[in-house]
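Colleague: What follows is a structure written as structure tokens; I'll ask about it next.
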Amino acid sequence: MTDALARLSEVDDCWNRIGIRGDKSCERLPEHVHCRNCPVYAAAAKRILDRLPPQAAAHVEDVTAALAGQARLSSLLVFRLRNEWLGLPTKALDEVASTRAILTLPHRRDPAVLGVTNVRGTLTVCVSLARLLGLDATAADGGRDRPAAARMLIFGGAGRAVVLPVDEVEGIHSVDLDALGALPATVEGASLKYSRGVVRCGARSVGVLDETLLMQALERSLA
């Protein structure tokens, strides 16, 4: 057993040094959000299992299976637009911010473009995701009658950031984006075009948006 423990010490436990339990300086962390979502973490778990003696390995097989399952999970931010619950992978989002004033722009060519708003000292374009998806947009996306739970999603990275007002943010869920359910037959139009499928998050059925197609649509709106 002593030899086995010595071999285990050779495994780089990067999650304790530069990962979620360390100083969080790992370059992979922004992409995977948590170490348990990273393939390096899952590979380390497999190496540990391989180096354990048979009698010890038998007791940790279930743990390894659980780690492998977690490695397939992705973080999804769940939010509400009108009566629809939607989700975006957290890797596509830079920030969830409180609502702020939107300065309208004259001669807007696309009705989905609401104007610009201040994000950390930079004027950033604000787009109505509800209008882009063809949802009921009778309520003002940036007016004074926004609900108290309303938030603004900063979507995209540096140089491509777009502000998306939403009516409520429910939280972050871990989901398998490769095992989404089919969209209901009642979903049509833009919502269908920009959705990847449906996933259960607690008691809710959440439509998962395709961040790549959504960014392309936003860029067309701003062109």
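Each chain in the structure tokens gets a letter, A, B, ..., in the order shown, and its residues are numbered from 1; ligands are numbered from 1 in order too.
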Got a sec: who's within 12 Å of segment 108-117 of chain A, counting only C-alpha atoms, leaving out chain neighbours fewer than 4 positions off, as a PDB file with all heavy atoms, in the first residue's frame?
Modeller:
```
ATOM      1  N   ALA A  97     -25.347  41.363 -14.864  1.00  0.00           N
ATOM      2  CA  ALA A  97     -25.337  42.672 -14.228  1.00  0.00           C
ATOM      3  C   ALA A  97     -26.747  43.125 -13.889  1.00  0.00           C
ATOM      4  O   ALA A  97     -27.737  42.629 -14.438  1.00  0.00           O
ATOM      5  CB  ALA A  97     -24.660  43.697 -15.147  1.00  0.00           C
ATOM      6  N   SER A  98     -26.832  44.082 -12.969  1.00  0.00           N
ATOM      7  CA  SER A  98     -28.117  44.692 -12.660  1.00  0.00           C
ATOM      8  C   SER A  98     -28.538  45.578 -13.824  1.00  0.00           C
ATOM      9  O   SER A  98     -27.727  45.940 -14.677  1.00  0.00           O
ATOM     10  CB  SER A  98     -28.011  45.512 -11.375  1.00  0.00           C
ATOM     11  OG  SER A  98     -27.007  46.504 -11.501  1.00  0.00           O
ATOM     12  N   THR A  99     -29.816  45.914 -13.861  1.00  0.00           N
ATOM     13  CA  THR A  99     -30.308  46.748 -14.956  1.00  0.00           C
ATOM     14  C   THR A  99     -29.741  48.157 -14.835  1.00  0.00           C
ATOM     15  O   THR A  99     -29.413  48.629 -13.744  1.00  0.00           O
ATOM     16  CB  THR A  99     -31.843  46.807 -14.945  1.00  0.00           C
ATOM     17  OG1 THR A  99     -32.279  47.292 -13.677  1.00  0.00           O
ATOM     18  CG2 THR A  99     -32.436  45.438 -15.195  1.00  0.00           C
ATOM     19  N   ARG A 100     -29.654  48.808 -15.968  1.00  0.00           N
ATOM     20  CA  ARG A 100     -29.153  50.181 -16.011  1.00  0.00           C
ATOM     21  C   ARG A 100     -29.802  50.904 -17.178  1.00  0.00           C
ATOM     22  O   ARG A 100     -30.445  50.283 -18.021  1.00  0.00           O
ATOM     23  CB  ARG A 100     -27.633  50.179 -16.159  1.00  0.00           C
ATOM     24  CG  ARG A 100     -27.162  49.425 -17.395  1.00  0.00           C
ATOM     25  CD  ARG A 100     -25.750  48.942 -17.267  1.00  0.00           C
ATOM     26  NE  ARG A 100     -25.575  48.043 -16.132  1.00  0.00           N
ATOM     27  CZ  ARG A 100     -24.384  47.622 -15.710  1.00  0.00           C
ATOM     28  NH1 ARG A 100     -23.285  48.028 -16.311  1.00  0.00           N
ATOM     29  NH2 ARG A 100     -24.289  46.806 -14.700  1.00  0.00           N
ATOM     30  N   ALA A 101     -29.642  52.204 -17.201  1.00  0.00           N
ATOM     31  CA  ALA A 101     -30.289  53.010 -18.234  1.00  0.00           C
ATOM     32  C   ALA A 101     -29.754  52.661 -19.617  1.00  0.00           C
ATOM     33  O   ALA A 101     -28.572  52.355 -19.792  1.00  0.00           O
ATOM     34  CB  ALA A 101     -30.064  54.489 -17.949  1.00  0.00           C
ATOM     35  N   ILE A 102     -30.666  52.687 -20.592  1.00  0.00           N
ATOM     36  CA  ILE A 102     -30.304  52.431 -21.983  1.00  0.00           C
ATOM     37  C   ILE A 102     -30.516  53.708 -22.775  1.00  0.00           C
ATOM     38  O   ILE A 102     -31.601  54.293 -22.754  1.00  0.00           O
ATOM     39  CB  ILE A 102     -31.153  51.297 -22.584  1.00  0.00           C
ATOM     40  CG1 ILE A 102     -30.902  49.995 -21.824  1.00  0.00           C
ATOM     41  CG2 ILE A 102     -30.837  51.107 -24.068  1.00  0.00           C
ATOM     42  CD1 ILE A 102     -31.788  48.859 -22.269  1.00  0.00           C
ATOM     43  N   LEU A 103     -29.478  54.142 -23.450  1.00  0.00           N
ATOM     44  CA  LEU A 103     -29.549  55.334 -24.291  1.00  0.00           C
ATOM     45  C   LEU A 103     -29.949  54.917 -25.698  1.00  0.00           C
ATOM     46  O   LEU A 103     -29.230  54.167 -26.358  1.00  0.00           O
ATOM     47  CB  LEU A 103     -28.185  56.035 -24.319  1.00  0.00           C
ATOM     48  CG  LEU A 103     -28.067  57.278 -25.216  1.00  0.00           C
ATOM     49  CD1 LEU A 103     -28.975  58.393 -24.710  1.00  0.00           C
ATOM     50  CD2 LEU A 103     -26.617  57.753 -25.280  1.00  0.00           C
ATOM     51  N   THR A 104     -31.123  55.354 -26.117  1.00  0.00           N
ATOM     52  CA  THR A 104     -31.608  54.963 -27.445  1.00  0.00           C
ATOM     53  C   THR A 104     -30.789  55.647 -28.540  1.00  0.00           C
ATOM     54  O   THR A 104     -30.221  56.721 -28.346  1.00  0.00           O
ATOM     55  CB  THR A 104     -33.081  55.333 -27.615  1.00  0.00           C
ATOM     56  OG1 THR A 104     -33.247  56.744 -27.409  1.00  0.00           O
ATOM     57  CG2 THR A 104     -33.944  54.580 -26.609  1.00  0.00           C
ATOM     58  N   GLY A 121     -17.702  51.336 -17.799  1.00  0.00           N
ATOM     59  CA  GLY A 121     -17.139  52.524 -18.428  1.00  0.00           C
ATOM     60  C   GLY A 121     -17.118  52.513 -19.943  1.00  0.00           C
ATOM     61  O   GLY A 121     -16.657  53.469 -20.562  1.00  0.00           O
ATOM     62  N   THR A 122     -17.637  51.447 -20.549  1.00  0.00           N
ATOM     63  CA  THR A 122     -17.662  51.344 -22.008  1.00  0.00           C
ATOM     64  C   THR A 122     -19.102  51.285 -22.500  1.00  0.00           C
ATOM     65  O   THR A 122     -19.897  50.484 -21.992  1.00  0.00           O
ATOM     66  CB  THR A 122     -16.910  50.083 -22.484  1.00  0.00           C
ATOM     67  OG1 THR A 122     -15.556  50.150 -22.029  1.00  0.00           O
ATOM     68  CG2 THR A 122     -16.930  49.981 -23.999  1.00  0.00           C
ATOM     69  N   LEU A 123     -19.452  52.110 -23.476  1.00  0.00           N
ATOM     70  CA  LEU A 123     -20.786  52.055 -24.061  1.00  0.00           C
ATOM     71  C   LEU A 123     -20.903  50.797 -24.910  1.00  0.00           C
ATOM     72  O   LEU A 123     -20.134  50.589 -25.854  1.00  0.00           O
ATOM     73  CB  LEU A 123     -21.050  53.297 -24.911  1.00  0.00           C
ATOM     74  CG  LEU A 123     -21.249  54.611 -24.138  1.00  0.00           C
ATOM     75  CD1 LEU A 123     -21.477  55.769 -25.100  1.00  0.00           C
ATOM     76  CD2 LEU A 123     -22.420  54.500 -23.173  1.00  0.00           C
ATOM     77  N   THR A 124     -21.855  49.950 -24.557  1.00  0.00           N
ATOM     78  CA  THR A 124     -22.014  48.648 -25.203  1.00  0.00           C
ATOM     79  C   THR A 124     -23.423  48.532 -25.767  1.00  0.00           C
ATOM     80  O   THR A 124     -24.387  48.946 -25.121  1.00  0.00           O
ATOM     81  CB  THR A 124     -21.766  47.510 -24.193  1.00  0.00           C
ATOM     82  OG1 THR A 124     -20.485  47.713 -23.571  1.00  0.00           O
ATOM     83  CG2 THR A 124     -21.779  46.162 -24.873  1.00  0.00           C
ATOM     84  N   VAL A 125     -23.523  47.969 -26.957  1.00  0.00           N
ATOM     85  CA  VAL A 125     -24.823  47.846 -27.628  1.00  0.00           C
ATOM     86  C   VAL A 125     -25.734  46.911 -26.837  1.00  0.00           C
ATOM     87  O   VAL A 125     -25.315  45.855 -26.362  1.00  0.00           O
ATOM     88  CB  VAL A 125     -24.640  47.320 -29.066  1.00  0.00           C
ATOM     89  CG1 VAL A 125     -26.001  47.105 -29.729  1.00  0.00           C
ATOM     90  CG2 VAL A 125     -23.809  48.300 -29.880  1.00  0.00           C
ATOM     91  N   CYS A 126     -26.986  47.323 -26.700  1.00  0.00           N
ATOM     92  CA  CYS A 126     -27.997  46.557 -25.983  1.00  0.00           C
ATOM     93  C   CYS A 126     -29.039  46.060 -26.987  1.00  0.00           C
ATOM     94  O   CYS A 126     -29.594  46.841 -27.761  1.00  0.00           O
ATOM     95  CB  CYS A 126     -28.650  47.433 -24.924  1.00  0.00           C
ATOM     96  SG  CYS A 126     -29.740  46.557 -23.807  1.00  0.00           S
ATOM     97  N   VAL A 127     -29.286  44.747 -26.987  1.00  0.00           N
ATOM     98  CA  VAL A 127     -30.193  44.137 -27.964  1.00  0.00           C
ATOM     99  C   VAL A 127     -31.304  43.392 -27.229  1.00  0.00           C
ATOM    100  O   VAL A 127     -31.069  42.734 -26.210  1.00  0.00           O
ATOM    101  CB  VAL A 127     -29.426  43.154 -28.888  1.00  0.00           C
ATOM    102  CG1 VAL A 127     -30.383  42.449 -29.849  1.00  0.00           C
ATOM    103  CG2 VAL A 127     -28.361  43.904 -29.683  1.00  0.00           C
ATOM    104  N   SER A 128     -32.525  43.501 -27.748  1.00  0.00           N
ATOM    105  CA  SER A 128     -33.664  42.787 -27.176  1.00  0.00           C
ATOM    106  C   SER A 128     -33.647  41.336 -27.661  1.00  0.00           C
ATOM    107  O   SER A 128     -33.952  41.061 -28.823  1.00  0.00           O
ATOM    108  CB  SER A 128     -34.981  43.456 -27.585  1.00  0.00           C
ATOM    109  OG  SER A 128     -36.083  42.636 -27.218  1.00  0.00           O
ATOM    110  N   LEU A 129     -33.301  40.433 -26.775  1.00  0.00           N
ATOM    111  CA  LEU A 129     -33.306  39.017 -27.119  1.00  0.00           C
ATOM    112  C   LEU A 129     -34.736  38.540 -27.355  1.00  0.00           C
ATOM    113  O   LEU A 129     -34.978  37.665 -28.193  1.00  0.00           O
ATOM    114  CB  LEU A 129     -32.642  38.206 -26.003  1.00  0.00           C
ATOM    115  CG  LEU A 129     -32.477  36.709 -26.223  1.00  0.00           C
ATOM    116  CD1 LEU A 129     -31.685  36.436 -27.508  1.00  0.00           C
ATOM    117  CD2 LEU A 129     -31.775  36.069 -25.030  1.00  0.00           C
ATOM    118  N   ALA A 130     -35.689  39.128 -26.632  1.00  0.00           N
ATOM    119  CA  ALA A 130     -37.093  38.755 -26.807  1.00  0.00           C
ATOM    120  C   ALA A 130     -37.561  39.040 -28.234  1.00  0.00           C
ATOM    121  O   ALA A 130     -38.228  38.218 -28.863  1.00  0.00           O
ATOM    122  CB  ALA A 130     -37.966  39.508 -25.807  1.00  0.00           C
ATOM    123  N   ARG A 131     -37.205  40.196 -28.754  1.00  0.00           N
ATOM    124  CA  ARG A 131     -37.590  40.539 -30.129  1.00  0.00           C
ATOM    125  C   ARG A 131     -36.843  39.675 -31.140  1.00  0.00           C
ATOM    126  O   ARG A 131     -37.409  39.267 -32.157  1.00  0.00           O
ATOM    127  CB  ARG A 131     -37.325  42.022 -30.392  1.00  0.00           C
ATOM    128  CG  ARG A 131     -38.185  42.952 -29.554  1.00  0.00           C
ATOM    129  CD  ARG A 131     -37.851  44.410 -29.799  1.00  0.00           C
ATOM    130  NE  ARG A 131     -38.593  45.272 -28.888  1.00  0.00           N
ATOM    131  CZ  ARG A 131     -38.445  46.586 -28.804  1.00  0.00           C
ATOM    132  NH1 ARG A 131     -37.541  47.185 -29.578  1.00  0.00           N
ATOM    133  NH2 ARG A 131     -39.162  47.289 -27.957  1.00  0.00           N
ATOM    134  N   LEU A 132     -35.574  39.406 -30.859  1.00  0.00           N
ATOM    135  CA  LEU A 132     -34.776  38.592 -31.775  1.00  0.00           C
ATOM    136  C   LEU A 132     -35.352  37.192 -31.894  1.00  0.00           C
ATOM    137  O   LEU A 132     -35.352  36.594 -32.971  1.00  0.00           O
ATOM    138  CB  LEU A 132     -33.332  38.533 -31.287  1.00  0.00           C
ATOM    139  CG  LEU A 132     -32.309  37.936 -32.255  1.00  0.00           C
ATOM    140  CD1 LEU A 132     -32.119  38.850 -33.458  1.00  0.00           C
ATOM    141  CD2 LEU A 132     -30.978  37.730 -31.546  1.00  0.00           C
ATOM    142  N   LEU A 133     -35.889  36.668 -30.784  1.00  0.00           N
ATOM    143  CA  LEU A 133     -36.447  35.320 -30.773  1.00  0.00           C
ATOM    144  C   LEU A 133     -37.918  35.288 -31.144  1.00  0.00           C
ATOM    145  O   LEU A 133     -38.534  34.223 -31.187  1.00  0.00           O
ATOM    146  CB  LEU A 133     -36.259  34.684 -29.389  1.00  0.00           C
ATOM    147  CG  LEU A 133     -34.815  34.472 -28.931  1.00  0.00           C
ATOM    148  CD1 LEU A 133     -34.789  33.861 -27.541  1.00  0.00           C
ATOM    149  CD2 LEU A 133     -34.051  33.602 -29.913  1.00  0.00           C
ATOM    150  N   GLY A 134     -38.506  36.457 -31.386  1.00  0.00           N
ATOM    151  CA  GLY A 134     -39.906  36.498 -31.776  1.00  0.00           C
ATOM    152  C   GLY A 134     -40.862  36.271 -30.628  1.00  0.00           C
ATOM    153  O   GLY A 134     -42.017  35.884 -30.838  1.00  0.00           O
ATOM    154  N   LEU A 135     -40.408  36.511 -29.387  1.00  0.00           N
ATOM    155  CA  LEU A 135     -41.289  36.376 -28.240  1.00  0.00           C
ATOM    156  C   LEU A 135     -42.128  37.642 -28.082  1.00  0.00           C
ATOM    157  O   LEU A 135     -41.840  38.673 -28.676  1.00  0.00           O
ATOM    158  CB  LEU A 135     -40.467  36.132 -26.966  1.00  0.00           C
ATOM    159  CG  LEU A 135     -39.555  34.906 -26.993  1.00  0.00           C
ATOM    160  CD1 LEU A 135     -38.747  34.827 -25.703  1.00  0.00           C
ATOM    161  CD2 LEU A 135     -40.359  33.635 -27.179  1.00  0.00           C
ATOM    162  N   ALA A 137     -42.986  40.893 -27.072  1.00  0.00           N
ATOM    163  CA  ALA A 137     -42.124  41.976 -26.597  1.00  0.00           C
ATOM    164  C   ALA A 137     -42.919  43.232 -26.303  1.00  0.00           C
ATOM    165  O   ALA A 137     -42.453  44.341 -26.516  1.00  0.00           O
ATOM    166  CB  ALA A 137     -41.033  42.267 -27.627  1.00  0.00           C
ATOM    167  N   ALA A 140     -41.521  46.797 -22.106  1.00  0.00           N
ATOM    168  CA  ALA A 140     -40.294  47.499 -22.491  1.00  0.00           C
ATOM    169  C   ALA A 140     -39.081  46.724 -22.005  1.00  0.00           C
ATOM    170  O   ALA A 140     -39.020  46.290 -20.852  1.00  0.00           O
ATOM    171  CB  ALA A 140     -40.289  48.902 -21.897  1.00  0.00           C
ATOM    172  N   ASP A 141     -38.084  46.580 -22.869  1.00  0.00           N
ATOM    173  CA  ASP A 141     -36.892  45.821 -22.505  1.00  0.00           C
ATOM    174  C   ASP A 141     -35.959  46.608 -21.598  1.00  0.00           C
ATOM    175  O   ASP A 141     -35.159  46.032 -20.887  1.00  0.00           O
ATOM    176  CB  ASP A 141     -36.122  45.404 -23.767  1.00  0.00           C
ATOM    177  CG  ASP A 141     -36.829  44.290 -24.513  1.00  0.00           C
ATOM    178  OD1 ASP A 141     -36.600  43.130 -24.152  1.00  0.00           O
ATOM    179  OD2 ASP A 141     -37.606  44.585 -25.421  1.00  0.00           O
ATOM    180  N   GLY A 142     -36.037  47.904 -21.645  1.00  0.00           N
ATOM    181  CA  GLY A 142     -35.127  48.686 -20.814  1.00  0.00           C
ATOM    182  C   GLY A 142     -35.799  49.833 -20.113  1.00  0.00           C
ATOM    183  O   GLY A 142     -35.127  50.725 -19.604  1.00  0.00           O
ATOM    184  N   GLY A 143     -37.103  49.844 -20.044  1.00  0.00           N
ATOM    185  CA  GLY A 143     -37.828  50.954 -19.442  1.00  0.00           C
ATOM    186  C   GLY A 143     -37.932  50.855 -17.946  1.00  0.00           C
ATOM    187  O   GLY A 143     -37.419  49.960 -17.295  1.00  0.00           O
ATOM    188  N   MET A 152     -29.257  42.055 -16.689  1.00  0.00           N
ATOM    189  CA  MET A 152     -28.674  42.205 -18.015  1.00  0.00           C
ATOM    190  C   MET A 152     -27.535  41.203 -18.165  1.00  0.00           C
ATOM    191  O   MET A 152     -26.652  41.136 -17.301  1.00  0.00           O
ATOM    192  CB  MET A 152     -28.164  43.630 -18.233  1.00  0.00           C
ATOM    193  CG  MET A 152     -29.268  44.655 -18.432  1.00  0.00           C
ATOM    194  SD  MET A 152     -28.614  46.315 -18.723  1.00  0.00           S
ATOM    195  CE  MET A 152     -30.073  47.131 -19.392  1.00  0.00           C
ATOM    196  N   LEU A 153     -27.568  40.430 -19.235  1.00  0.00           N
ATOM    197  CA  LEU A 153     -26.513  39.463 -19.514  1.00  0.00           C
ATOM    198  C   LEU A 153     -25.496  40.105 -20.448  1.00  0.00           C
ATOM    199  O   LEU A 153     -25.865  40.641 -21.497  1.00  0.00           O
ATOM    200  CB  LEU A 153     -27.081  38.199 -20.170  1.00  0.00           C
ATOM    201  CG  LEU A 153     -28.262  37.514 -19.474  1.00  0.00           C
ATOM    202  CD1 LEU A 153     -28.616  36.234 -20.229  1.00  0.00           C
ATOM    203  CD2 LEU A 153     -27.955  37.223 -18.024  1.00  0.00           C
ATOM    204  N   ILE A 154     -24.227  40.049 -20.075  1.00  0.00           N
ATOM    205  CA  ILE A 154     -23.164  40.535 -20.960  1.00  0.00           C
ATOM    206  C   ILE A 154     -22.700  39.324 -21.758  1.00  0.00           C
ATOM    207  O   ILE A 154     -22.000  38.450 -21.238  1.00  0.00           O
ATOM    208  CB  ILE A 154     -21.998  41.155 -20.171  1.00  0.00           C
ATOM    209  CG1 ILE A 154     -22.528  42.083 -19.070  1.00  0.00           C
ATOM    210  CG2 ILE A 154     -21.072  41.898 -21.128  1.00  0.00           C
ATOM    211  CD1 ILE A 154     -23.407  43.202 -19.573  1.00  0.00           C
ATOM    212  N   ALA A 161     -18.806  42.066 -27.119  1.00  0.00           N
ATOM    213  CA  ALA A 161     -19.816  42.038 -26.062  1.00  0.00           C
ATOM    214  C   ALA A 161     -21.111  42.723 -26.501  1.00  0.00           C
ATOM    215  O   ALA A 161     -21.098  43.763 -27.151  1.00  0.00           O
ATOM    216  CB  ALA A 161     -19.281  42.696 -24.802  1.00  0.00           C
ATOM    217  N   VAL A 162     -22.232  42.096 -26.133  1.00  0.00           N
ATOM    218  CA  VAL A 162     -23.567  42.643 -26.376  1.00  0.00           C
ATOM    219  C   VAL A 162     -24.364  42.472 -25.094  1.00  0.00           C
ATOM    220  O   VAL A 162     -24.257  41.441 -24.414  1.00  0.00           O
ATOM    221  CB  VAL A 162     -24.273  41.902 -27.537  1.00  0.00           C
ATOM    222  CG1 VAL A 162     -25.676  42.443 -27.744  1.00  0.00           C
ATOM    223  CG2 VAL A 162     -23.463  42.034 -28.823  1.00  0.00           C
ATOM    224  N   VAL A 163     -25.151  43.479 -24.743  1.00  0.00           N
ATOM    225  CA  VAL A 163     -25.967  43.417 -23.532  1.00  0.00           C
ATOM    226  C   VAL A 163     -27.356  42.892 -23.893  1.00  0.00           C
ATOM    227  O   VAL A 163     -27.997  43.396 -24.819  1.00  0.00           O
ATOM    228  CB  VAL A 163     -26.083  44.800 -22.871  1.00  0.00           C
ATOM    229  CG1 VAL A 163     -26.994  44.734 -21.652  1.00  0.00           C
ATOM    230  CG2 VAL A 163     -24.707  45.313 -22.476  1.00  0.00           C
ATOM    231  N   LEU A 164     -27.809  41.868 -23.142  1.00  0.00           N
ATOM    232  CA  LEU A 164     -29.118  41.261 -23.381  1.00  0.00           C
ATOM    233  C   LEU A 164     -29.971  41.383 -22.122  1.00  0.00           C
ATOM    234  O   LEU A 164     -29.717  40.686 -21.131  1.00  0.00           O
ATOM    235  CB  LEU A 164     -28.964  39.780 -23.752  1.00  0.00           C
ATOM    236  CG  LEU A 164     -28.047  39.438 -24.929  1.00  0.00           C
ATOM    237  CD1 LEU A 164     -27.911  37.926 -25.065  1.00  0.00           C
ATOM    238  CD2 LEU A 164     -28.566  40.055 -26.219  1.00  0.00           C
ATOM    239  N   PRO A 165     -30.983  42.254 -22.099  1.00  0.00           N
ATOM    240  CA  PRO A 165     -31.859  42.342 -20.928  1.00  0.00           C
ATOM    241  C   PRO A 165     -32.743  41.097 -20.824  1.00  0.00           C
ATOM    242  O   PRO A 165     -33.258  40.596 -21.827  1.00  0.00           O
ATOM    243  CB  PRO A 165     -32.719  43.582 -21.219  1.00  0.00           C
ATOM    244  CG  PRO A 165     -31.997  44.329 -22.291  1.00  0.00           C
ATOM    245  CD  PRO A 165     -31.305  43.281 -23.104  1.00  0.00           C
ATOM    246  N   ALA A 217     -26.494  35.930 -35.261  1.00  0.00           N
ATOM    247  CA  ALA A 217     -27.712  36.707 -35.457  1.00  0.00           C
ATOM    248  C   ALA A 217     -27.542  38.125 -34.888  1.00  0.00           C
ATOM    249  O   ALA A 217     -28.001  39.107 -35.490  1.00  0.00           O
ATOM    250  CB  ALA A 217     -28.897  36.005 -34.790  1.00  0.00           C
ATOM    251  N   LEU A 218     -26.899  38.231 -33.754  1.00  0.00           N
ATOM    252  CA  LEU A 218     -26.665  39.540 -33.156  1.00  0.00           C
ATOM    253  C   LEU A 218     -25.755  40.391 -34.024  1.00  0.00           C
ATOM    254  O   LEU A 218     -25.978  41.594 -34.195  1.00  0.00           O
ATOM    255  CB  LEU A 218     -26.061  39.366 -31.761  1.00  0.00           C
ATOM    256  CG  LEU A 218     -27.005  38.781 -30.691  1.00  0.00           C
ATOM    257  CD1 LEU A 218     -26.211  38.411 -29.451  1.00  0.00           C
ATOM    258  CD2 LEU A 218     -28.112  39.761 -30.352  1.00  0.00           C
ATOM    259  N   GLU A 219     -24.738  39.775 -34.573  1.00  0.00           N
ATOM    260  CA  GLU A 219     -23.828  40.515 -35.446  1.00  0.00           C
ATOM    261  C   GLU A 219     -24.534  40.997 -36.699  1.00  0.00           C
ATOM    262  O   GLU A 219     -24.261  42.095 -37.200  1.00  0.00           O
ATOM    263  CB  GLU A 219     -22.613  39.646 -35.795  1.00  0.00           C
ATOM    264  CG  GLU A 219     -21.697  39.398 -34.609  1.00  0.00           C
ATOM    265  CD  GLU A 219     -20.551  38.459 -34.932  1.00  0.00           C
ATOM    266  OE1 GLU A 219     -20.651  37.741 -35.961  1.00  0.00           O
ATOM    267  OE2 GLU A 219     -19.569  38.421 -34.168  1.00  0.00           O
ATOM    268  N   ARG A 220     -25.474  40.205 -37.219  1.00  0.00           N
ATOM    269  CA  ARG A 220     -26.253  40.652 -38.380  1.00  0.00           C
ATOM    270  C   ARG A 220     -27.142  41.826 -38.005  1.00  0.00           C
ATOM    271  O   ARG A 220     -27.326  42.755 -38.798  1.00  0.00           O
ATOM    272  CB  ARG A 220     -27.095  39.507 -38.924  1.00  0.00           C
ATOM    273  CG  ARG A 220     -26.298  38.438 -39.656  1.00  0.00           C
ATOM    274  CD  ARG A 220     -27.200  37.524 -40.461  1.00  0.00           C
ATOM    275  NE  ARG A 220     -28.132  36.783 -39.613  1.00  0.00           N
ATOM    276  CZ  ARG A 220     -27.858  35.580 -39.099  1.00  0.00           C
ATOM    277  NH1 ARG A 220     -26.681  35.016 -39.329  1.00  0.00           N
ATOM    278  NH2 ARG A 220     -28.753  34.965 -38.355  1.00  0.00           N
ATOM    279  N   SER A 221     -27.681  41.822 -36.793  1.00  0.00           N
ATOM    280  CA  SER A 221     -28.525  42.922 -36.348  1.00  0.00           C
ATOM    281  C   SER A 221     -27.761  44.222 -36.228  1.00  0.00           C
ATOM    282  O   SER A 221     -28.313  45.304 -36.424  1.00  0.00           O
ATOM    283  CB  SER A 221     -29.163  42.581 -34.990  1.00  0.00           C
ATOM    284  OG  SER A 221     -30.005  41.453 -35.086  1.00  0.00           O
ATOM    285  N   LEU A 222     -26.479  44.101 -35.902  1.00  0.00           N
ATOM    286  CA  LEU A 222     -25.653  45.286 -35.691  1.00  0.00           C
ATOM    287  C   LEU A 222     -24.954  45.754 -36.956  1.00  0.00           C
ATOM    288  O   LEU A 222     -24.344  46.829 -36.966  1.00  0.00           O
ATOM    289  CB  LEU A 222     -24.600  44.993 -34.621  1.00  0.00           C
ATOM    290  CG  LEU A 222     -25.147  44.556 -33.248  1.00  0.00           C
ATOM    291  CD1 LEU A 222     -24.006  44.215 -32.308  1.00  0.00           C
ATOM    292  CD2 LEU A 222     -26.025  45.643 -32.665  1.00  0.00           C
ATOM    293  N   ALA A 223     -25.014  44.945 -38.005  1.00  0.00           N
ATOM    294  CA  ALA A 223     -24.312  45.291 -39.236  1.00  0.00           C
ATOM    295  C   ALA A 223     -24.938  46.499 -39.916  1.00  0.00           C
ATOM    296  O   ALA A 223     -26.130  46.738 -39.825  1.00  0.00           O
ATOM    297  CB  ALA A 223     -24.324  44.101 -40.182  1.00  0.00           C
TER     298      ALA A 223
END
```
Colleague: Please, what distance in Å, to one decimal, runs between atom CA of Asp210 of chain A and atom CA of Ala149 of chain A?
Modeller: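 A separation of 24.2 Å between them.
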Colleague: Rank nothing, just name the residue among A:Asn37, A:Ser195, A:Ser174, A:Asn118 nearest to Leu76 of chain A, using only C-alpha atoms.
Modeller: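 Among the listed residues, the smallest separation from Leu76 of chain A belongs to A:Ser174.
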Colleague: Could you check the closest approach to Gly87 of chain A for each of A:Gly159, A:Gly19, A:Gly207, A:Gly202 and tell me which residue wins, using only C-alpha atoms?
Modeller: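 Under the stated criterion, the closest residue is A:Gly207.
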Colleague: Which residues are near Cys201 of chain A? Cut-off 12 Å, only C-alpha atoms, ignore same chain within fewer than 6 positions. Put them as a list in words.
Modeller: Ser75, Leu76, Leu77, Val78, Phe79, Trp85, Leu86, Gly87, Glu170, Gly171, Ile172, His173, Ser174, Val175, Asp176, Leu180, Gly207 and Val208 of chain A
Colleague: Write out as JSON, numbers by chain the set of residues from segment 82-207 of chain A that DSSP, computed on the backbone, places in alpha helix (DSSP H).
Modeller: {"A": [129, 130, 131, 132, 190, 191, 192, 193]}
Colleague: Could you take the residues named above and write them with N, CA, C and O atoms, as a compact mmCIF listing (two decimals), in the first residue's frame?
Modeller:
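Printed below is again_32.txt as written:
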```txt
# COMPACT_ATOMS: atom_id res chain seq x y z
N LEU A 129 -33.30 40.43 -26.77
CA LEU A 129 -33.31 39.02 -27.12
C LEU A 129 -34.74 38.54 -27.35
O LEU A 129 -34.98 37.66 -28.19
N ALA A 130 -35.69 39.13 -26.63
CA ALA A 130 -37.09 38.76 -26.81
C ALA A 130 -37.56 39.04 -28.23
O ALA A 130 -38.23 38.22 -28.86
N ARG A 131 -37.21 40.20 -28.75
CA ARG A 131 -37.59 40.54 -30.13
C ARG A 131 -36.84 39.67 -31.14
O ARG A 131 -37.41 39.27 -32.16
N LEU A 132 -35.57 39.41 -30.86
CA LEU A 132 -34.78 38.59 -31.77
C LEU A 132 -35.35 37.19 -31.89
O LEU A 132 -35.35 36.59 -32.97
N ALA A 190 -37.98 31.97 -34.85
CA ALA A 190 -36.62 32.24 -34.41
C ALA A 190 -36.22 31.41 -33.20
O ALA A 190 -35.08 31.00 -33.06
N SER A 191 -37.18 31.17 -32.29
CA SER A 191 -36.87 30.38 -31.10
C SER A 191 -36.37 29.00 -31.49
O SER A 191 -35.46 28.45 -30.87
N LEU A 192 -36.98 28.41 -32.51
CA LEU A 192 -36.55 27.10 -32.99
C LEU A 192 -35.19 27.19 -33.67
O LEU A 192 -34.32 26.36 -33.48
N LYS A 193 -34.99 28.25 -34.45
CA LYS A 193 -33.77 28.41 -35.23
C LYS A 193 -32.53 28.53 -34.35
O LYS A 193 -31.47 28.02 -34.68
```
Colleague: Identify, with DSSP run on backbone atoms, the residues in segment 98-160 of chain A assigned to strand (DSSP E or B), and express the list as a PyMOL selection string.
Modeller: chain A and resi 98+103+113-119+122-127+151-155
